[in-house]
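Structure data (mmCIF, C-alpha atoms) from input.cif:
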```cif
data_protein
#
loop_
_atom_site.label_atom_id
_atom_site.label_comp_id
_atom_site.auth_asym_id
_atom_site.auth_seq_id
_atom_site.Cartn_x
_atom_site.Cartn_y
_atom_site.Cartn_z
CA MET A 1500 85.96 132.67 113.71
CA ALA A 1501 85.27 129.02 113.15
CA GLU A 1502 83.64 127.26 116.04
CA VAL A 1503 85.30 124.03 117.04
CA GLU A 1504 83.60 121.72 119.44
CA GLU A 1505 85.62 121.10 122.55
CA GLY A 1506 85.54 117.46 123.50
CA GLY A 1507 89.15 116.51 123.84
CA LEU A 1508 91.36 114.74 121.34
CA LEU A 1509 89.59 111.37 121.39
CA PRO A 1510 86.49 112.39 119.35
CA HIS A 1511 88.74 113.86 116.65
CA LEU A 1512 90.84 110.69 116.50
CA ILE A 1513 87.68 108.58 116.22
CA GLU A 1514 86.39 110.76 113.40
CA LEU A 1515 89.79 110.62 111.67
CA ARG A 1516 89.81 106.83 111.88
CA SER A 1517 86.27 106.69 110.51
CA ARG A 1518 87.10 108.87 107.52
CA LEU A 1519 90.31 106.95 106.82
CA LEU A 1520 88.38 103.67 106.85
CA LYS A 1521 85.77 105.14 104.50
CA SER A 1522 88.51 106.32 102.13
CA ILE A 1523 90.21 102.91 102.15
CA ALA A 1524 86.87 101.17 101.62
CA ALA A 1525 86.09 103.41 98.66
CA LEU A 1526 89.51 102.67 97.15
CA VAL A 1527 89.02 98.92 97.59
CA VAL A 1528 85.55 99.05 96.00
CA VAL A 1529 86.79 101.02 92.99
CA PHE A 1530 89.75 98.64 92.61
CA LEU A 1531 87.49 95.56 92.67
CA VAL A 1532 85.07 97.11 90.19
CA LEU A 1533 87.93 97.92 87.81
CA CYS A 1534 89.24 94.37 88.16
CA ILE A 1535 85.84 93.09 87.04
CA TYR A 1536 85.27 95.69 84.31
CA PRO A 1537 87.08 96.61 82.18
CA GLY A 1538 89.74 94.39 83.79
CA PRO A 1539 93.45 94.83 84.60
CA ASN A 1540 94.64 93.71 81.16
CA GLU A 1541 92.44 96.21 79.35
CA ILE A 1542 93.56 99.04 81.65
CA TYR A 1543 97.20 98.11 81.07
CA ASP A 1544 96.68 97.97 77.29
CA LEU A 1545 95.14 101.44 77.42
CA LEU A 1546 98.14 102.77 79.33
CA ALA A 1547 100.56 101.01 76.97
CA HIS A 1548 98.88 102.35 73.82
CA PRO A 1549 101.08 105.46 73.33
CA LEU A 1550 104.23 103.31 73.20
CA ILE A 1551 102.70 100.46 71.19
CA ALA A 1552 101.42 102.99 68.63
CA SER A 1553 104.95 104.38 68.26
CA LEU A 1554 106.64 101.00 67.78
CA PRO A 1555 107.04 99.44 64.34
CA ALA A 1556 104.15 97.22 63.32
CA GLY A 1557 104.25 93.87 65.10
CA ASP A 1558 106.69 94.93 67.85
CA ARG A 1559 105.68 94.48 71.48
CA MET A 1560 107.06 95.04 74.96
CA ILE A 1561 108.69 92.22 76.90
CA SER A 1562 108.42 90.83 80.42
CA LEU A 1563 111.59 89.88 82.28
CA GLY A 1564 109.89 88.59 85.43
CA VAL A 1565 108.01 85.32 85.84
CA ILE A 1566 104.93 86.83 87.53
CA THR A 1567 105.34 90.32 86.04
CA PRO A 1568 102.56 89.84 83.44
CA PHE A 1569 100.19 89.23 86.37
CA ILE A 1570 101.49 91.86 88.82
CA VAL A 1571 101.96 94.83 86.46
CA PRO A 1572 98.31 95.00 85.26
CA LEU A 1573 97.19 94.87 88.91
CA LYS A 1574 99.56 97.74 89.78
CA THR A 1575 98.15 99.68 86.84
CA THR A 1576 94.60 99.01 88.04
CA LEU A 1577 95.47 100.15 91.56
CA PHE A 1578 96.90 103.39 90.19
CA ALA A 1579 93.71 103.97 88.19
CA ALA A 1580 91.60 103.20 91.26
CA ILE A 1581 93.49 105.79 93.32
CA VAL A 1582 92.91 108.45 90.66
CA ILE A 1583 89.19 107.63 90.36
CA ALA A 1584 88.60 107.40 94.12
CA MET A 1585 90.53 110.58 94.88
CA PRO A 1586 87.46 112.92 94.81
CA TYR A 1587 85.80 110.88 97.56
CA ILE A 1588 89.05 110.73 99.55
CA LEU A 1589 89.43 114.50 99.22
CA TYR A 1590 85.82 114.93 100.35
CA GLN A 1591 86.56 112.92 103.49
CA ALA A 1592 89.60 115.10 104.16
CA TRP A 1593 87.50 118.22 103.61
CA ALA A 1594 84.73 117.01 105.93
CA PHE A 1595 87.32 116.38 108.65
CA VAL A 1596 89.06 119.78 108.53
CA ALA A 1597 86.12 122.02 107.50
CA PRO A 1598 84.67 122.49 111.04
CA GLY A 1599 87.95 124.04 112.17
CA LEU A 1600 88.23 126.55 109.32
CA TYR A 1601 87.19 130.20 109.24
CA ARG A 1602 84.42 131.20 106.85
CA ARG A 1603 86.90 132.95 104.54
CA GLU A 1604 89.15 129.88 104.55
CA LYS A 1605 86.21 127.63 103.69
CA SER A 1606 85.28 129.84 100.73
CA LEU A 1607 88.77 129.29 99.29
CA ALA A 1608 89.65 125.77 100.46
CA LEU A 1609 86.85 123.90 98.69
CA PRO A 1610 87.35 125.51 95.25
CA LEU A 1611 91.12 124.96 95.56
CA MET A 1612 90.59 121.32 96.48
CA VAL A 1613 88.34 120.73 93.48
CA GLY A 1614 90.61 122.77 91.22
CA SER A 1615 93.73 120.89 92.35
CA TYR A 1616 92.15 117.54 91.44
CA LEU A 1617 90.99 118.80 88.05
CA LEU A 1618 94.42 120.29 87.33
CA PHE A 1619 96.05 116.98 88.27
CA ILE A 1620 93.78 115.15 85.81
CA VAL A 1621 94.51 117.74 83.11
CA GLY A 1622 98.24 117.24 83.70
CA MET A 1623 97.88 113.48 83.32
CA CYS A 1624 95.80 113.84 80.16
CA PHE A 1625 98.31 116.29 78.68
CA CYS A 1626 101.07 113.79 79.41
CA TYR A 1627 99.15 110.81 77.97
CA PHE A 1628 97.74 112.35 74.80
CA PHE A 1629 100.52 114.75 73.90
CA VAL A 1630 103.82 114.16 75.69
CA PHE A 1631 104.11 110.37 75.55
CA ARG A 1632 103.69 110.03 71.82
CA LEU A 1633 106.26 112.72 71.03
CA VAL A 1634 108.75 111.39 73.57
CA PHE A 1635 108.44 107.76 72.47
CA ARG A 1636 108.75 108.61 68.80
CA PHE A 1637 111.82 110.72 69.54
CA ILE A 1638 113.47 107.94 71.59
CA ILE A 1639 112.77 105.34 68.91
CA SER A 1640 114.05 107.62 66.14
CA VAL A 1641 117.41 108.29 67.85
CA ALA A 1642 118.01 104.65 68.89
CA PRO A 1643 120.91 103.04 66.97
CA ASP A 1644 120.00 100.47 64.33
CA SER A 1645 121.94 97.84 66.28
CA ILE A 1646 119.48 98.11 69.21
CA GLN A 1647 116.20 96.23 69.37
CA PHE A 1648 113.90 98.62 71.27
CA ALA A 1649 111.72 96.36 73.43
CA PRO A 1650 111.03 97.92 76.86
CA ASP A 1651 110.21 95.76 79.87
CA ILE A 1652 106.57 96.21 80.91
CA GLU A 1653 107.45 96.84 84.58
CA ALA A 1654 110.00 99.52 83.68
CA TYR A 1655 107.47 101.06 81.31
CA ILE A 1656 104.74 101.28 83.97
CA ASP A 1657 107.19 102.78 86.47
CA PHE A 1658 108.17 105.38 83.87
CA VAL A 1659 104.55 106.17 82.96
CA THR A 1660 103.32 106.54 86.54
CA THR A 1661 106.33 108.71 87.40
CA MET A 1662 105.59 110.97 84.43
CA PHE A 1663 101.89 111.11 85.37
CA LEU A 1664 102.77 112.18 88.91
CA ALA A 1665 105.36 114.69 87.65
CA PHE A 1666 102.98 116.39 85.22
CA GLY A 1667 100.02 116.13 87.61
CA ILE A 1668 101.97 117.81 90.40
CA THR A 1669 103.49 120.50 88.19
CA PHE A 1670 100.02 121.41 86.91
CA GLU A 1671 99.21 122.41 90.52
CA VAL A 1672 101.21 125.64 90.05
CA PRO A 1673 98.10 127.91 89.98
CA VAL A 1674 96.96 126.45 93.31
CA VAL A 1675 100.41 127.07 94.85
CA VAL A 1676 100.43 130.67 93.59
CA ILE A 1677 96.96 131.35 95.02
CA LEU A 1678 97.92 129.82 98.37
CA LEU A 1679 101.08 131.94 98.53
CA VAL A 1680 99.06 135.10 97.98
CA PHE A 1681 96.19 134.03 100.26
CA SER A 1682 98.52 133.15 103.16
CA GLY A 1683 100.44 136.40 102.83
CA ILE A 1684 103.76 134.67 102.15
CA ALA A 1685 104.08 136.54 98.85
CA SER A 1686 102.16 139.32 97.15
CA VAL A 1687 101.11 139.43 93.51
CA GLU A 1688 103.63 142.24 92.90
CA LYS A 1689 106.51 140.19 94.32
CA LEU A 1690 105.53 137.17 92.26
CA LYS A 1691 105.46 139.33 89.14
CA GLN A 1692 108.97 140.53 89.93
CA ALA A 1693 110.08 136.91 90.30
CA ARG A 1694 108.79 135.99 86.83
CA SER A 1695 112.30 135.62 85.34
CA TYR A 1696 113.30 133.26 88.18
CA VAL A 1697 110.14 131.23 87.59
CA ILE A 1698 111.02 130.78 83.92
CA VAL A 1699 114.53 129.55 84.74
CA GLY A 1700 113.22 127.41 87.60
CA SER A 1701 110.60 125.82 85.32
CA PHE A 1702 113.28 124.53 82.96
CA ILE A 1703 115.37 123.30 85.91
CA VAL A 1704 112.38 121.43 87.36
CA ALA A 1705 111.55 119.99 83.94
CA ALA A 1706 115.14 118.81 83.51
CA ILE A 1707 114.97 117.02 86.88
CA LEU A 1708 111.53 115.42 86.53
CA THR A 1709 111.56 114.39 82.87
CA PRO A 1710 113.80 112.09 80.80
CA PRO A 1711 117.00 113.65 79.42
CA ASP A 1712 115.51 114.79 76.13
CA ILE A 1713 114.73 118.35 75.12
CA ILE A 1714 111.19 117.58 73.92
CA SER A 1715 109.77 116.37 77.24
CA GLN A 1716 111.63 119.11 79.12
CA VAL A 1717 110.14 121.86 76.95
CA LEU A 1718 106.70 120.24 77.10
CA MET A 1719 106.82 120.46 80.89
CA ALA A 1720 108.54 123.83 81.28
CA VAL A 1721 106.22 125.78 78.96
CA PRO A 1722 102.98 124.68 80.70
CA LEU A 1723 104.63 125.47 84.05
CA ILE A 1724 105.23 129.05 82.95
CA LEU A 1725 101.73 129.41 81.52
CA LEU A 1726 100.15 127.94 84.65
CA PHE A 1727 102.14 130.37 86.79
CA GLU A 1728 100.65 133.24 84.78
CA ILE A 1729 97.16 131.78 85.19
CA GLY A 1730 97.70 131.50 88.94
CA LEU A 1731 98.80 135.15 89.04
CA ARG A 1732 95.63 136.27 87.24
CA VAL A 1733 93.39 134.30 89.60
CA ALA A 1734 95.31 135.57 92.63
CA MET A 1735 94.94 139.16 91.39
CA PHE A 1736 91.20 138.68 91.01
CA TYR A 1737 90.93 137.12 94.47
CA SER A 1738 92.98 139.94 96.03
CA ARG A 1739 90.74 142.60 94.47
CA ASP A 1740 87.64 140.69 95.58
CA SER A 1741 88.96 140.39 99.14
CA LYS A 1742 89.76 144.09 99.28
CA THR A 1743 86.29 144.96 98.01
CA ILE A 1744 84.67 142.75 100.66
CA SER A 1745 86.81 144.20 103.45
CA LYS A 1746 86.02 147.78 102.39
CA SER A 1747 82.31 147.11 102.19
CA SER A 1748 82.32 145.60 105.67
CA GLU A 1749 83.98 148.68 107.23
#
```
Would you mind writing the structure in this file as structure tokens?
Amino acid sequence: MAEVEEGGLLPHLIELRSRLLKSIAALVVVFLVLCIYPGPNEIYDLLAHPLIASLPAGDRMISLGVITPFIVPLKTTLFAAIVIAMPYILYQAWAFVAPGLYRREKSLALPLMVGSYLLFIVGMCFCYFFVFRLVFRFIISVAPDSIQFAPDIEAYIDFVTTMFLAFGITFEVPVVVILLVFSGIASVEKLKQARSYVIVGSFIVAAILTPPDIISQVLMAVPLILLFEIGLRVAMFYSRDSKTISKSSE
């Protein structure tokens, strides 16, 4: 049983405030560093590359707002700063809750926290390097000849960040599966029996979170199914390991 120091609620609130301030400070520092190098414009250009590469030579995006060319790169830089600073923010969260966890919970919580961040980054990379180019080329190819395809930069960034979050969150499926098994909400056998529902649910989730084109929906649904299977394998291994430990301790 984890030992928690008894000192009332005030010390915990003070510690929580301290760790929140450290997290905010880290985010601000990363944001300022990115504003200096490589700079907001360069970060925006990097994020805009998949669409620019799919447009006909010489075509560019447009800006409908007066201050949009200034605000949008800063929003992009802030998003990048959050992603980069997230490991430190997660560490602060871990340091706050770790004293109140059992030893067995600690052995699982830290790997899951690290794994969830890495899976989120993998989901974003999969979206950037693979999904965006296929989706943009498909949209441009089906656009009528009477339409000049020139997206607004603010709408584009909103679309990109939404897709990043959608793919990053959906790539957390293995973590969700492991937590379900670890908490006793569902067993590995029950999750195996629900495999057909997971397949149907993956396509429903993909249809909700992605644009209304079959390419992006399939590109999200298929990884969801594969990640569910990976989560099952890890959960099976963890269940066997837990049973072995419990038997050896008897």
Mind giving me the straight-line distance from atom CA of A:Ile1588 to atom CA of A:Arg1518 in Å, one decimal?
-> 8.4 Å
Which of these, A:Ile1620, A:Leu1589, A:Ile1561, A:Leu1509, has the shortest distance to A:Ala1525 once you count only C-alpha atoms?
-> A:Leu1589
Check what the PyMOL selection byres ((chain A and resi 1631) around 10) selects in the file above and give those residues as a VMD selection string.
-> chain A and resid 1548 to 1550 1553 1625 to 1630 1632 to 1637 1659 1662 1715
Expansion of the PyMOL selection byres ((chain A and resi 1728-1734) around 7) into residues, as a list in words = Val1672, Pro1673, Val1674, Val1676, Ile1677, Val1680, Val1687, Ile1724, Leu1725, Leu1726, Phe1727, Met1735, Phe1736, Tyr1737 and Ser1738 of chain A
What separation in Å, quoted to one decimal, exists between atom CA of A:Ile1583 and atom CA of A:Arg1516?
->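 That distance, rounded to one decimal, is 21.5 Å.
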Select, from A:Val1699, A:Ile1714, A:Ala1654, A:Val1641, the residue with the minimum atom-to-atom distance to A:Val1571, counting all atoms listed in the file.
-> A:Ala1654
d(atom CA of A:Gln1647, atom CA of A:Ile1707) in Å |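 These atoms are spaced 27.2 Å apart.
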Here's a test: counting only C-alpha atoms, identify every protein, DNA and RNA residue with an atom at most 12 Å from (91.7, 121.0, 93.4) in the file's coordinate frame, and state them as a short mmCIF file (atom, residue, chain, number, x, y, z; two decimals) with C-alpha atoms, in the coordinates of the input.
```cif
data_model
loop_
_atom_site.label_atom_id
_atom_site.label_comp_id
_atom_site.auth_asym_id
_atom_site.auth_seq_id
_atom_site.Cartn_x
_atom_site.Cartn_y
_atom_site.Cartn_z
CA MET A 1585 90.53 110.58 94.88
CA PRO A 1586 87.46 112.92 94.81
CA LEU A 1589 89.43 114.50 99.22
CA TYR A 1590 85.82 114.93 100.35
CA TRP A 1593 87.50 118.22 103.61
CA LEU A 1607 88.77 129.29 99.29
CA ALA A 1608 89.65 125.77 100.46
CA LEU A 1609 86.85 123.90 98.69
CA PRO A 1610 87.35 125.51 95.25
CA LEU A 1611 91.12 124.96 95.56
CA MET A 1612 90.59 121.32 96.48
CA VAL A 1613 88.34 120.73 93.48
CA GLY A 1614 90.61 122.77 91.22
CA SER A 1615 93.73 120.89 92.35
CA TYR A 1616 92.15 117.54 91.44
CA LEU A 1617 90.99 118.80 88.05
CA LEU A 1618 94.42 120.29 87.33
CA PHE A 1619 96.05 116.98 88.27
CA ILE A 1620 93.78 115.15 85.81
CA VAL A 1621 94.51 117.74 83.11
CA GLY A 1667 100.02 116.13 87.61
CA ILE A 1668 101.97 117.81 90.40
CA PHE A 1670 100.02 121.41 86.91
CA GLU A 1671 99.21 122.41 90.52
CA VAL A 1672 101.21 125.64 90.05
CA PRO A 1673 98.10 127.91 89.98
CA VAL A 1674 96.96 126.45 93.31
CA VAL A 1675 100.41 127.07 94.85
CA ILE A 1677 96.96 131.35 95.02
CA LEU A 1678 97.92 129.82 98.37
#
```
